[in-house]
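Novice: Structure: work.cif, mmCIF, C-alpha atoms.
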```cif
data_final
loop_
_atom_site.label_atom_id
_atom_site.label_comp_id
_atom_site.auth_asym_id
_atom_site.auth_seq_id
_atom_site.Cartn_x
_atom_site.Cartn_y
_atom_site.Cartn_z
CA MET A 1 16.26 9.06 -21.51
CA GLN A 2 15.09 6.38 -23.89
CA LEU A 3 11.36 5.58 -23.80
CA LYS A 4 9.39 2.81 -25.45
CA PHE A 5 5.73 3.48 -26.17
CA LEU A 6 2.65 1.55 -27.14
CA ASN A 7 -1.01 2.39 -27.49
CA THR A 8 -3.02 -0.80 -27.17
CA GLY A 9 -6.45 0.85 -27.56
CA PHE A 10 -9.49 -0.78 -25.93
CA ASN A 11 -9.21 -4.31 -24.57
CA SER A 12 -10.52 -6.53 -21.79
CA ALA A 13 -9.33 -6.05 -18.22
CA SER A 14 -7.55 -9.43 -18.19
CA PHE A 15 -5.69 -8.50 -21.36
CA ASN A 16 -4.76 -5.07 -20.00
CA PHE A 17 -3.35 -6.37 -16.73
CA ALA A 18 -1.54 -9.20 -18.51
CA CYS A 19 -0.03 -6.60 -20.78
CA ASP A 20 1.10 -4.54 -17.75
CA GLU A 21 2.73 -7.62 -16.25
CA ALA A 22 4.47 -8.50 -19.53
CA ILE A 23 5.82 -4.94 -19.73
CA LEU A 24 6.98 -5.15 -16.12
CA LYS A 25 9.00 -8.27 -16.93
CA TRP A 26 10.38 -6.65 -20.09
CA VAL A 27 11.53 -3.56 -18.19
CA GLN A 28 13.09 -5.70 -15.44
CA LYS A 29 15.15 -7.37 -18.17
CA ASN A 30 15.91 -4.40 -20.41
CA GLN A 31 15.95 -1.46 -17.95
CA ILE A 32 14.26 0.86 -20.49
CA PRO A 33 11.05 2.64 -19.41
CA VAL A 34 7.83 1.76 -21.24
CA LEU A 35 4.75 3.97 -21.46
CA ARG A 36 1.42 2.50 -22.52
CA PHE A 37 -1.95 4.12 -23.15
CA TYR A 38 -5.06 1.96 -23.15
CA GLY A 39 -8.75 1.67 -22.47
CA PHE A 40 -11.24 -0.93 -21.24
CA ALA A 41 -13.88 -2.58 -23.41
CA PRO A 42 -16.05 -4.33 -22.49
CA THR A 43 -16.84 -2.68 -19.15
CA ALA A 44 -14.93 -4.28 -16.28
CA CYS A 45 -14.50 -3.98 -12.56
CA THR A 46 -11.08 -4.16 -11.03
CA ILE A 47 -10.28 -4.64 -7.38
CA GLY A 48 -7.11 -3.73 -5.51
CA TYR A 49 -4.56 -6.43 -4.76
CA PHE A 50 -5.58 -6.64 -1.07
CA GLN A 51 -9.34 -6.59 -1.55
CA GLY A 52 -11.75 -9.51 -1.36
CA MET A 53 -13.74 -9.98 -4.58
CA ASN A 54 -16.86 -11.12 -2.70
CA LEU A 55 -16.64 -8.18 -0.32
CA GLU A 56 -16.38 -5.50 -3.00
CA LEU A 57 -18.44 -6.56 -6.01
CA ASP A 58 -21.96 -7.77 -6.77
CA LEU A 59 -20.74 -10.77 -8.71
CA ASP A 60 -24.24 -11.86 -9.77
CA PHE A 61 -24.90 -8.45 -11.32
CA ALA A 62 -21.46 -8.52 -12.95
CA ARG A 63 -22.09 -11.99 -14.40
CA GLN A 64 -25.55 -11.08 -15.70
CA ASN A 65 -24.17 -7.97 -17.35
CA LYS A 66 -20.96 -9.60 -18.66
CA ILE A 67 -18.76 -7.32 -16.59
CA GLU A 68 -15.35 -8.92 -16.18
CA CYS A 69 -14.04 -8.71 -12.60
CA VAL A 70 -10.27 -8.79 -12.20
CA ARG A 71 -7.80 -8.37 -9.34
CA ARG A 72 -5.01 -5.90 -10.05
CA LEU A 73 -1.32 -6.29 -9.31
CA THR A 74 -1.57 -3.01 -7.40
CA GLY A 75 -3.31 -1.98 -4.20
CA GLY A 76 -6.11 0.55 -3.86
CA GLY A 77 -9.83 0.26 -4.31
CA ALA A 78 -12.41 -1.31 -6.57
CA VAL A 79 -13.04 0.65 -9.76
CA MET A 80 -15.41 0.27 -12.68
CA MET A 81 -13.54 0.65 -15.96
CA ASP A 82 -15.37 1.52 -19.17
CA GLN A 83 -14.87 3.34 -22.44
CA ASN A 84 -15.18 6.71 -20.70
CA GLN A 85 -11.73 6.43 -19.24
CA PHE A 86 -8.22 7.02 -20.52
CA THR A 87 -5.66 4.78 -18.82
CA TYR A 88 -1.89 4.91 -18.74
CA SER A 89 0.85 2.65 -17.39
CA LEU A 90 4.38 3.85 -16.88
CA VAL A 91 6.81 1.07 -16.11
CA ILE A 92 10.18 2.49 -15.21
CA PRO A 93 13.38 1.46 -13.40
CA ASP A 94 13.22 2.94 -9.89
CA SER A 95 16.44 4.92 -10.44
CA PHE A 96 14.43 7.29 -12.70
CA VAL A 97 11.81 8.25 -10.09
CA PRO A 98 11.91 9.56 -6.50
CA LYS A 99 12.65 6.79 -4.02
CA ASN A 100 9.93 8.04 -1.68
CA ILE A 101 6.70 6.34 -2.75
CA GLN A 102 4.44 9.36 -2.22
CA LYS A 103 6.80 11.63 -4.15
CA SER A 104 7.05 9.09 -6.95
CA TYR A 105 3.25 9.06 -7.33
CA GLU A 106 3.28 12.82 -7.69
CA TYR A 107 6.22 12.70 -10.11
CA ILE A 108 4.56 10.19 -12.45
CA CYS A 109 1.21 12.02 -12.28
CA GLN A 110 2.84 15.29 -13.36
CA PRO A 111 2.72 14.64 -17.16
CA ILE A 112 -1.02 13.88 -16.84
CA LEU A 113 -1.49 17.15 -14.91
CA ASN A 114 0.48 18.93 -17.66
CA THR A 115 -1.80 17.33 -20.26
CA LEU A 116 -4.86 18.66 -18.44
CA LYS A 117 -3.23 22.08 -18.10
CA ASP A 118 -2.80 22.22 -21.88
CA LEU A 119 -6.51 21.54 -22.15
CA GLY A 120 -7.20 24.47 -19.82
CA LEU A 121 -7.94 22.35 -16.75
CA ASP A 122 -6.08 23.32 -13.61
CA ALA A 123 -5.98 19.93 -11.88
CA GLU A 124 -3.86 19.12 -8.85
CA PHE A 125 -2.21 16.09 -7.31
CA ALA A 126 -3.98 14.91 -4.13
CA PRO A 127 -1.92 12.57 -1.95
CA LEU A 128 -1.55 9.67 -1.86
CA ASN A 129 -2.64 8.67 -5.32
CA ASP A 130 -5.34 10.90 -6.80
CA MET A 131 -5.71 13.89 -9.06
CA ILE A 132 -8.47 16.40 -8.41
CA LEU A 133 -10.14 19.21 -10.31
CA ASN A 134 -12.16 21.79 -8.35
CA GLN A 135 -11.93 19.45 -5.32
CA GLN A 136 -13.46 16.57 -7.33
CA LYS A 137 -11.57 13.40 -8.13
CA ILE A 138 -10.73 12.96 -11.82
CA SER A 139 -8.01 10.35 -11.61
CA GLY A 140 -6.96 7.43 -9.42
CA ASN A 141 -3.51 5.88 -9.64
CA ALA A 142 -1.81 2.83 -8.17
CA GLN A 143 1.71 1.59 -8.01
CA THR A 144 3.71 -1.54 -7.41
CA ARG A 145 7.47 -1.99 -7.20
CA LYS A 146 9.10 -5.26 -8.17
CA GLN A 147 12.78 -6.08 -8.61
CA GLY A 148 13.87 -2.46 -8.98
CA VAL A 149 11.07 -1.50 -11.36
CA VAL A 150 8.09 0.76 -10.64
CA LEU A 151 4.78 0.12 -12.38
CA GLN A 152 2.29 2.93 -11.99
CA HIS A 153 -1.03 2.83 -13.74
CA GLY A 154 -3.82 5.33 -13.49
CA THR A 155 -7.10 6.25 -15.02
CA LEU A 156 -8.35 9.63 -16.12
CA LEU A 157 -12.13 9.94 -16.07
CA LEU A 158 -13.53 11.40 -19.26
CA ASP A 159 -17.06 10.80 -18.09
CA VAL A 160 -18.49 8.89 -15.15
CA ASP A 161 -21.60 6.78 -14.65
CA VAL A 162 -21.89 6.67 -10.86
CA ASP A 163 -25.27 4.88 -10.94
CA LEU A 164 -23.91 1.92 -12.93
CA MET A 165 -20.74 1.96 -10.81
CA PHE A 166 -22.83 1.42 -7.68
CA ARG A 167 -24.90 -1.33 -9.27
CA VAL A 168 -21.77 -3.46 -9.31
CA LEU A 169 -19.76 -2.10 -6.36
CA LEU A 170 -21.04 -3.29 -3.00
CA VAL A 171 -21.37 -0.71 -0.26
CA PRO A 172 -20.42 -1.43 3.38
CA ASP A 173 -23.92 -0.48 4.57
CA GLU A 174 -26.92 -0.92 2.23
CA LYS A 175 -28.92 1.55 4.31
CA LEU A 176 -26.47 4.27 3.30
CA ARG A 177 -26.38 3.39 -0.43
CA ASP A 178 -28.40 6.42 -1.68
CA LYS A 179 -26.42 8.79 0.50
CA LEU A 180 -23.14 7.28 -0.68
CA VAL A 181 -24.11 7.48 -4.37
CA ALA A 182 -25.12 11.14 -3.92
CA SER A 183 -21.86 11.87 -2.13
CA VAL A 184 -19.75 10.17 -4.83
CA LYS A 185 -21.60 12.13 -7.54
CA LYS A 186 -20.47 15.31 -5.78
CA ARG A 187 -16.90 14.12 -5.25
CA VAL A 188 -16.09 12.55 -8.65
CA THR A 189 -16.11 14.16 -12.08
CA GLY A 190 -15.08 13.56 -15.67
CA ILE A 191 -13.02 15.99 -17.72
CA ASN A 192 -15.56 16.18 -20.59
CA HIS A 193 -17.92 17.97 -18.21
CA HIS A 194 -15.30 20.64 -17.54
CA LEU A 195 -14.15 20.87 -21.16
CA LYS A 196 -17.80 21.22 -22.24
CA ARG A 197 -16.99 18.88 -25.15
CA GLU A 198 -16.04 15.26 -25.68
CA ILE A 199 -12.35 14.67 -26.10
CA SER A 200 -11.41 11.54 -28.02
CA PHE A 201 -9.11 8.84 -26.67
CA GLU A 202 -6.78 9.42 -29.64
CA ASP A 203 -6.54 13.20 -29.13
CA LEU A 204 -5.84 12.70 -25.46
CA SER A 205 -3.21 10.02 -26.25
CA GLU A 206 -1.39 12.32 -28.64
CA LEU A 207 -1.26 15.19 -26.17
CA ALA A 208 -0.37 13.01 -23.17
CA LEU A 209 2.48 11.32 -25.06
CA LYS A 210 3.91 14.76 -25.86
CA LYS A 211 3.72 15.71 -22.17
CA PHE A 212 5.38 12.48 -20.96
CA VAL A 213 8.17 12.95 -23.51
CA GLU A 214 8.74 16.56 -22.36
CA PHE A 215 8.55 15.80 -18.65
CA LEU A 216 10.84 12.75 -18.74
CA SER A 217 13.32 14.55 -21.08
CA VAL A 218 13.02 11.71 -23.58
CA SER A 219 15.72 11.88 -26.25
CA HIS A 220 14.86 8.66 -27.99
CA LEU A 221 11.23 7.53 -28.37
CA ASP A 222 10.25 4.41 -30.24
CA LYS A 223 7.48 1.86 -30.33
CA ILE A 224 7.46 -1.52 -28.70
CA SER A 225 5.39 -4.38 -30.09
CA PHE A 226 3.43 -7.29 -28.60
CA SER A 227 6.01 -9.69 -29.99
CA ASP A 228 8.77 -7.79 -28.12
CA LEU A 229 6.71 -8.28 -24.95
CA ASN A 230 6.23 -11.97 -25.64
CA LEU A 231 2.53 -11.68 -24.86
CA ASP A 232 1.47 -14.21 -27.50
CA SER A 233 1.56 -17.11 -25.10
CA SER A 234 -1.53 -15.65 -23.34
CA LYS A 235 -0.29 -17.33 -20.17
CA GLU A 236 -0.52 -14.00 -18.37
CA ILE A 237 -4.03 -13.38 -19.72
CA ALA A 238 -5.15 -16.75 -18.33
CA LYS A 239 -3.75 -15.73 -14.94
CA TYR A 240 -5.99 -12.65 -14.78
CA GLN A 241 -9.00 -14.75 -15.81
CA SER A 242 -8.30 -17.42 -13.23
CA HIS A 243 -10.22 -18.02 -10.03
CA ALA A 244 -6.93 -18.70 -8.25
CA TRP A 245 -5.77 -15.11 -8.90
CA ASN A 246 -9.04 -13.22 -8.72
CA PHE A 247 -10.30 -14.89 -5.53
CA ARG A 248 -6.93 -15.39 -3.87
CA PHE A 249 -7.86 -13.23 -0.86
CA MET B 250 -15.01 -24.98 -14.15
CA LYS B 251 -16.62 -21.70 -13.01
CA LEU B 252 -19.34 -23.62 -11.16
CA LYS B 253 -16.71 -25.67 -9.39
CA PHE B 254 -15.01 -22.49 -8.19
CA LEU B 255 -18.31 -20.99 -7.10
CA LYS B 256 -19.05 -24.11 -5.06
CA LEU B 257 -15.59 -23.90 -3.51
CA ASN B 258 -16.26 -20.28 -2.64
CA LEU B 259 -19.55 -21.16 -0.98
CA ILE B 260 -17.81 -23.87 1.02
CA LEU B 261 -15.12 -21.40 2.11
CA ASN B 262 -17.73 -18.82 3.11
CA LYS B 263 -19.58 -21.50 5.07
CA MET B 264 -16.34 -22.50 6.79
CA ILE B 265 -15.77 -18.89 7.78
CA LEU B 266 -19.27 -18.74 9.28
CA GLU B 267 -18.77 -22.06 11.04
CA GLN B 268 -15.53 -20.85 12.55
CA ASP B 269 -17.58 -18.03 14.05
CA LEU B 270 -15.21 -15.37 12.80
CA LYS B 271 -15.97 -11.78 13.61
CA PHE B 272 -16.16 -9.38 10.68
CA LYS B 273 -15.56 -5.68 11.02
CA ASN B 274 -15.36 -2.73 8.63
CA TYR B 275 -13.26 0.12 9.90
CA LYS B 276 -12.07 3.32 8.26
CA PRO B 277 -9.36 5.12 10.21
CA THR B 278 -9.47 8.93 9.93
CA GLY B 279 -7.68 9.83 6.71
CA GLY B 280 -7.03 6.14 6.06
CA LYS B 281 -8.43 3.39 3.87
CA LEU B 282 -11.43 1.10 4.45
CA LEU B 283 -10.28 -2.00 6.32
CA ARG B 284 -12.35 -5.18 6.31
CA MET B 285 -11.28 -7.81 8.80
CA TYR B 286 -12.23 -11.35 9.72
CA PHE B 287 -10.81 -12.51 13.02
CA GLN B 288 -11.25 -14.77 15.99
CA ILE B 289 -9.82 -13.95 19.41
CA GLU B 290 -9.53 -16.23 22.43
CA GLY B 291 -8.08 -14.38 25.42
CA ASN B 292 -4.86 -12.81 24.17
CA CYS B 293 -4.57 -15.28 21.34
CA ILE B 294 -5.46 -14.36 17.76
CA LYS B 295 -6.85 -17.64 16.41
CA GLU B 296 -7.68 -16.27 12.95
CA PHE B 297 -6.88 -13.04 11.14
CA LYS B 298 -7.67 -11.97 7.59
CA LEU B 299 -7.20 -8.38 6.49
CA ARG B 300 -8.74 -6.98 3.32
CA GLY B 301 -9.10 -3.43 2.07
CA ASP B 302 -8.18 -0.71 -0.36
CA PHE B 303 -4.86 0.06 1.30
CA PHE B 304 -1.40 -0.10 -0.25
CA MET B 305 1.46 -2.23 1.00
CA HIS B 306 4.93 -2.47 -0.49
CA PRO B 307 6.17 -5.04 -1.23
CA GLU B 308 2.83 -6.79 -1.79
CA SER B 309 4.54 -10.16 -1.50
CA GLU B 310 4.95 -9.60 2.26
CA PHE B 311 1.20 -9.32 2.86
CA GLU B 312 0.47 -12.92 3.76
CA ASN B 313 3.61 -13.11 5.91
CA LEU B 314 2.40 -10.06 7.82
CA GLU B 315 -1.06 -11.60 8.29
CA ASN B 316 0.59 -14.76 9.62
CA PHE B 317 2.88 -12.79 11.93
CA ILE B 318 -0.09 -10.90 13.38
CA LYS B 319 -1.87 -14.22 13.89
CA LYS B 320 1.07 -15.51 15.93
CA THR B 321 1.42 -12.33 18.01
CA SER B 322 -0.11 -12.13 21.45
CA LEU B 323 -2.79 -9.47 21.72
CA ASP B 324 -1.32 -7.62 24.68
CA SER B 325 0.44 -4.34 25.46
CA LYS B 326 3.44 -5.38 23.34
CA PHE B 327 1.34 -6.15 20.23
CA ILE B 328 1.77 -2.81 18.44
CA ASP B 329 5.53 -2.61 19.02
CA SER B 330 6.09 -6.26 18.03
CA VAL B 331 4.24 -5.87 14.73
CA LYS B 332 5.90 -2.49 14.03
CA GLU B 333 9.30 -4.09 14.59
CA TYR B 334 8.41 -6.90 12.17
CA ILE B 335 7.31 -4.33 9.58
CA ASP B 336 10.61 -2.43 9.95
CA THR B 337 12.66 -5.62 9.72
CA LYS B 338 10.92 -6.64 6.51
CA ASN B 339 11.07 -3.12 5.02
CA ILE B 340 7.30 -3.04 4.58
CA THR B 341 5.66 0.29 3.76
CA ILE B 342 1.93 0.65 4.40
CA PHE B 343 -0.41 3.44 3.30
CA GLY B 344 -3.94 3.60 4.66
CA PHE B 345 -3.73 2.20 8.19
CA THR B 346 -1.43 1.73 11.18
CA MET B 347 -0.86 -1.07 13.64
CA ASP B 348 -2.63 1.07 16.25
CA ASN B 349 -5.74 0.80 14.04
CA ILE B 350 -5.42 -2.98 13.85
CA PHE B 351 -5.01 -3.22 17.62
CA GLU B 352 -8.08 -1.03 18.12
CA ILE B 353 -10.20 -3.19 15.81
CA LEU B 354 -9.08 -6.41 17.48
CA THR B 355 -9.63 -5.16 21.00
CA THR B 356 -12.81 -3.10 20.82
CA ASP B 357 -16.33 -3.63 19.61
CA GLN B 358 -16.79 -0.06 18.50
CA CYS B 359 -16.38 -0.57 14.78
CA SER B 360 -19.14 -2.27 12.79
#
```
Just give me the structure of the file as structure tokens.
Specialist:
Amino acid sequence: MQLKFLNTGFNSASFNFACDEAILKWVQKNQIPVLRFYGFAPTACTIGYFQGMNLELDLDFARQNKIECVRRLTGGGAVMMDQNQFTYSLVIPDSFVPKNIQKSYEYICQPILNTLKDLGLDAEFAPLNDMILNQQKISGNAQTRKQGVVLQHGTLLLDVDVDLMFRVLLVPDEKLRDKLVASVKKRVTGINHHLKREISFEDLSELALKKFVEFLSVSHLDKISFSDLNLDSSKEIAKYQSHAWNFRF
Amino acid sequence: MKLKFLKLNLILNKMILEQDLKFKNYKPTGGKLLRMYFQIEGNCIKEFKLRGDFFMHPESEFENLENFIKKTSLDSKFIDSVKEYIDTKNITIFGFTMDNIFEILTTDQCS
């Protein structure tokens, strides 16, 4: 298999999702899988495609704290994204992955699980779209399929600030906020805690790339550039900053 | 520009209140958190908006499904009719079933 790769480092949420969409269009046209590693800076909140922005996020708090709030192309829940996360996107023609959606989640998560295994962490896939370590969530993933191409992106928690997360995420019942925060603290973890050291984004990128290459039996790996993706126009970035997109539901 | 959108949002929220829509949160066992606005008159679904952290493939069918549900009579054939529509359109949903939607629309047990 041929694989194109790019590491875009830390960028805004609107840039990152615009980049995912540009890659999706590129893969639809060229039928070559693209893997991207990236991070989020400044801190952002993303909501799933079917969520209501007003229902999920404290938009006043987000505005006051310059937290960008962006709707994803993919379903799933609201997530706070910061520099303590390692994020990947694999955009791949659907002929390369299991047709069954649940199996395809597990398939694409496998190289991340292999990465963690190399670090001595025995994480597991937890259907539909999570990875867990010692029964605690360490990764959430989401997928969309468009015109024969699968886009799966996911985040691996290096560290997690549950208190800040719940300053910006609204809870269905305010009376249960403290209980919910305590429960999430028990159920979610970052890998640094288990490694008992801080792993850098670059070290993790290097190892994860090796594991994706092995798992996908990549024979030809090369880089893809922003100009190849035609992202200069920033039309896609404007979409993810627009009210029309972010408040569409 | 942002202010204009915020005002629009406030107007929309006010319209929702004026329409006297019901709002319910509901999390099916093992499913995703559903948040629904709706208005029912007899067997007729006058308004229906579904939000939540579920997955639906293809996403582009979401609004069509909402509209189909809105046009479907809320009776004993509701679940089968919507399921048939979902099959016809090759829609895959993770996180809820049509039985859940029927339950939310027909009972007051979820808050």
Novice: What gap, in Å, lies between CA of His243 in chain A and CA of Arg71 in chain A?
Specialist: 10.0 Å
Novice: Taking (-1.9, -1.4, 15.3) in the file's coordinates as the center, which residues reach within 10 Å of it, counting all atoms listed in the file, put as a list of chain:residue names?
Specialist: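 Protein, DNA and RNA residues close to (-1.9, -1.4, 15.3): B:Ile318, B:Phe327, B:Ile328, B:Asp329, B:Ser330, B:Val331, B:Lys332, B:Phe345, B:Thr346, B:Met347, B:Asp348, B:Asn349, B:Ile350, B:Phe351, B:Glu352, B:Ile353, B:Leu354.
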Novice: For chain A, which residue among B:Lys271, B:Lys319, B:Arg284, B:Lys295 is the nearest when counting all atoms listed in the file?
Specialist: B:Arg284
Novice: Could you pull the residues within 7 Å of Phe15 in chain A, counting all atoms listed in the file, minus those fewer than 4 positions along the same chain, as a list in words?
Specialist: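 What passes the distance filter is Asn11, Cys19 and Ile237 of chain A.
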Novice: Under the PyMOL selection byres ((chain B) within 6 of (chain A)), which residues of this model are included? Write them out as a list in words.
Specialist: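 Residues picked by the PyMOL selection byres ((chain B) within 6 of (chain A)): Arg300, Gly301, Asp302, Phe303 and Phe304 of chain B.
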Novice: Quick check on the file I pasted: which residues fall under the PyMOL selection byres ((chain A and resi 198-204) around 12)? Write them as a VMD selection string.
Specialist: chain A and resid 7 to 10 37 to 40 83 to 88 112 114 to 116 118 to 119 156 to 159 190 to 197 205 to 211
Novice: Considering only C-alpha atoms, return as a list in words whatever protein or nucleic-acid residues lie within 12 Å of Arg63 in chain A, sequence-local ones (same chain, fewer than 6 positions apart) excluded.
Specialist: Thr43, Ala44, Cys45, Leu57, Cys69 and Val168 of chain A; Lys251 of chain B
Novice: Which residue, B:Thr356, B:Ser322, B:Asn292, B:Ser309, has the smallest gap to Lys273 in chain B when you use all atoms listed in the file?
Specialist: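 Of B:Thr356, B:Ser322, B:Asn292, B:Ser309, the one nearest Lys273 in chain B, counting all atoms listed in the file, is B:Thr356.
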Novice: For a quick check of understanding, using all atoms listed in the file, which of A:Leu180, A:Val149, A:Val70, A:Cys109 has the smallest distance to Asn16 in chain A?
Specialist: A:Val70
Novice: Could you please determine the separation between CA of Leu229 in chain A and CA of Glu214 in chain A in Å, to one decimal place?
Specialist: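 So the two atoms, CA of Leu229 in chain A and CA of Glu214 in chain A, lie 25.1 Å apart.
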Novice: Just to confirm, what's the straight-line distance from CA of Gln28 in chain A to CA of Ile92 in chain A in Å (one decimal)?
Specialist: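 We find that CA of Gln28 in chain A and CA of Ile92 in chain A lie 8.7 Å from each other.
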Novice: As a list in words, please: the residues near Asp161 in chain A (cut-off 9 Å, all atoms listed in the file, same-chain neighbours under 3 positions excluded).
Specialist: Asn84, Leu164, Met165, Phe166 and Lys185 of chain A
Novice: Those residues with C-alpha atoms, as an mmCIF file, in the frame of the given file please?
Specialist:
```
data_model
loop_
_atom_site.group_PDB
_atom_site.id
_atom_site.type_symbol
_atom_site.label_atom_id
_atom_site.label_comp_id
_atom_site.auth_asym_id
_atom_site.auth_seq_id
_atom_site.Cartn_x
_atom_site.Cartn_y
_atom_site.Cartn_z
ATOM 1 C CA ASN A 84 -15.180 6.710 -20.700
ATOM 2 C CA LEU A 164 -23.910 1.920 -12.930
ATOM 3 C CA MET A 165 -20.740 1.960 -10.810
ATOM 4 C CA PHE A 166 -22.830 1.420 -7.680
ATOM 5 C CA LYS A 185 -21.600 12.130 -7.540
#
```
Novice: Please fill the gaps in range 216-236 of chain A so it has N, CA and C atoms, and write that as a PDB file, keeping the file's coordinate frame.
Specialist:
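See selection34.pdb below for the written result:
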```pdb
ATOM      1  N   LEU A 216       9.784  13.733 -19.037  1.00  0.00           N
ATOM      2  CA  LEU A 216      10.840  12.750 -18.740  1.00  0.00           C
ATOM      3  C   LEU A 216      12.126  13.051 -19.517  1.00  0.00           C
ATOM      4  N   SER A 217      12.154  14.183 -20.245  1.00  0.00           N
ATOM      5  CA  SER A 217      13.320  14.550 -21.080  1.00  0.00           C
ATOM      6  C   SER A 217      13.738  13.377 -21.968  1.00  0.00           C
ATOM      7  N   VAL A 218      12.758  12.877 -22.714  1.00  0.00           N
ATOM      8  CA  VAL A 218      13.020  11.710 -23.580  1.00  0.00           C
ATOM      9  C   VAL A 218      13.793  12.168 -24.814  1.00  0.00           C
ATOM     10  N   SER A 219      14.927  11.528 -25.067  1.00  0.00           N
ATOM     11  CA  SER A 219      15.720  11.880 -26.250  1.00  0.00           C
ATOM     12  C   SER A 219      15.480  10.884 -27.378  1.00  0.00           C
ATOM     13  N   HIS A 220      15.028   9.705 -26.992  1.00  0.00           N
ATOM     14  CA  HIS A 220      14.860   8.660 -27.990  1.00  0.00           C
ATOM     15  C   HIS A 220      13.550   7.913 -27.712  1.00  0.00           C
ATOM     16  N   LEU A 221      12.542   8.167 -28.570  1.00  0.00           N
ATOM     17  CA  LEU A 221      11.230   7.530 -28.370  1.00  0.00           C
ATOM     18  C   LEU A 221      10.981   6.553 -29.507  1.00  0.00           C
ATOM     19  N   ASP A 222      10.686   5.327 -29.183  1.00  0.00           N
ATOM     20  CA  ASP A 222      10.250   4.410 -30.240  1.00  0.00           C
ATOM     21  C   ASP A 222       9.210   3.420 -29.731  1.00  0.00           C
ATOM     22  N   LYS A 223       8.592   2.748 -30.681  1.00  0.00           N
ATOM     23  CA  LYS A 223       7.480   1.860 -30.330  1.00  0.00           C
ATOM     24  C   LYS A 223       7.980   0.503 -29.887  1.00  0.00           C
ATOM     25  N   ILE A 224       7.160  -0.144 -29.105  1.00  0.00           N
ATOM     26  CA  ILE A 224       7.460  -1.520 -28.700  1.00  0.00           C
ATOM     27  C   ILE A 224       6.244  -2.360 -29.127  1.00  0.00           C
ATOM     28  N   SER A 225       6.499  -3.570 -29.556  1.00  0.00           N
ATOM     29  CA  SER A 225       5.390  -4.380 -30.090  1.00  0.00           C
ATOM     30  C   SER A 225       5.010  -5.517 -29.134  1.00  0.00           C
ATOM     31  N   PHE A 226       3.851  -6.138 -29.407  1.00  0.00           N
ATOM     32  CA  PHE A 226       3.430  -7.290 -28.600  1.00  0.00           C
ATOM     33  C   PHE A 226       4.443  -8.420 -28.681  1.00  0.00           C
ATOM     34  N   SER A 227       5.041  -8.580 -29.870  1.00  0.00           N
ATOM     35  CA  SER A 227       6.010  -9.690 -29.990  1.00  0.00           C
ATOM     36  C   SER A 227       7.241  -9.416 -29.133  1.00  0.00           C
ATOM     37  N   ASP A 228       7.649  -8.129 -29.012  1.00  0.00           N
ATOM     38  CA  ASP A 228       8.770  -7.790 -28.120  1.00  0.00           C
ATOM     39  C   ASP A 228       8.432  -8.198 -26.680  1.00  0.00           C
ATOM     40  N   LEU A 229       7.139  -8.020 -26.335  1.00  0.00           N
ATOM     41  CA  LEU A 229       6.710  -8.280 -24.950  1.00  0.00           C
ATOM     42  C   LEU A 229       6.455  -9.762 -24.692  1.00  0.00           C
ATOM     43  N   ASN A 230       6.464 -10.539 -25.768  1.00  0.00           N
ATOM     44  CA  ASN A 230       6.230 -11.970 -25.640  1.00  0.00           C
ATOM     45  C   ASN A 230       4.881 -12.272 -24.995  1.00  0.00           C
ATOM     46  N   LEU A 231       3.863 -11.542 -25.442  1.00  0.00           N
ATOM     47  CA  LEU A 231       2.530 -11.680 -24.860  1.00  0.00           C
ATOM     48  C   LEU A 231       1.684 -12.716 -25.594  1.00  0.00           C
ATOM     49  N   ASP A 232       2.236 -13.279 -26.670  1.00  0.00           N
ATOM     50  CA  ASP A 232       1.470 -14.210 -27.500  1.00  0.00           C
ATOM     51  C   ASP A 232       1.025 -15.463 -26.742  1.00  0.00           C
ATOM     52  N   SER A 233       1.836 -15.867 -25.804  1.00  0.00           N
ATOM     53  CA  SER A 233       1.560 -17.110 -25.100  1.00  0.00           C
ATOM     54  C   SER A 233       0.210 -17.094 -24.387  1.00  0.00           C
ATOM     55  N   SER A 234      -0.274 -15.876 -24.065  1.00  0.00           N
ATOM     56  CA  SER A 234      -1.530 -15.650 -23.340  1.00  0.00           C
ATOM     57  C   SER A 234      -1.552 -16.324 -21.957  1.00  0.00           C
ATOM     58  N   LYS A 235      -0.377 -16.729 -21.504  1.00  0.00           N
ATOM     59  CA  LYS A 235      -0.290 -17.330 -20.170  1.00  0.00           C
ATOM     60  C   LYS A 235      -0.689 -16.299 -19.099  1.00  0.00           C
ATOM     61  N   GLU A 236      -0.193 -15.067 -19.337  1.00  0.00           N
ATOM     62  CA  GLU A 236      -0.520 -14.000 -18.370  1.00  0.00           C
ATOM     63  C   GLU A 236      -2.008 -13.650 -18.406  1.00  0.00           C
TER      64      GLU A 236
END
```
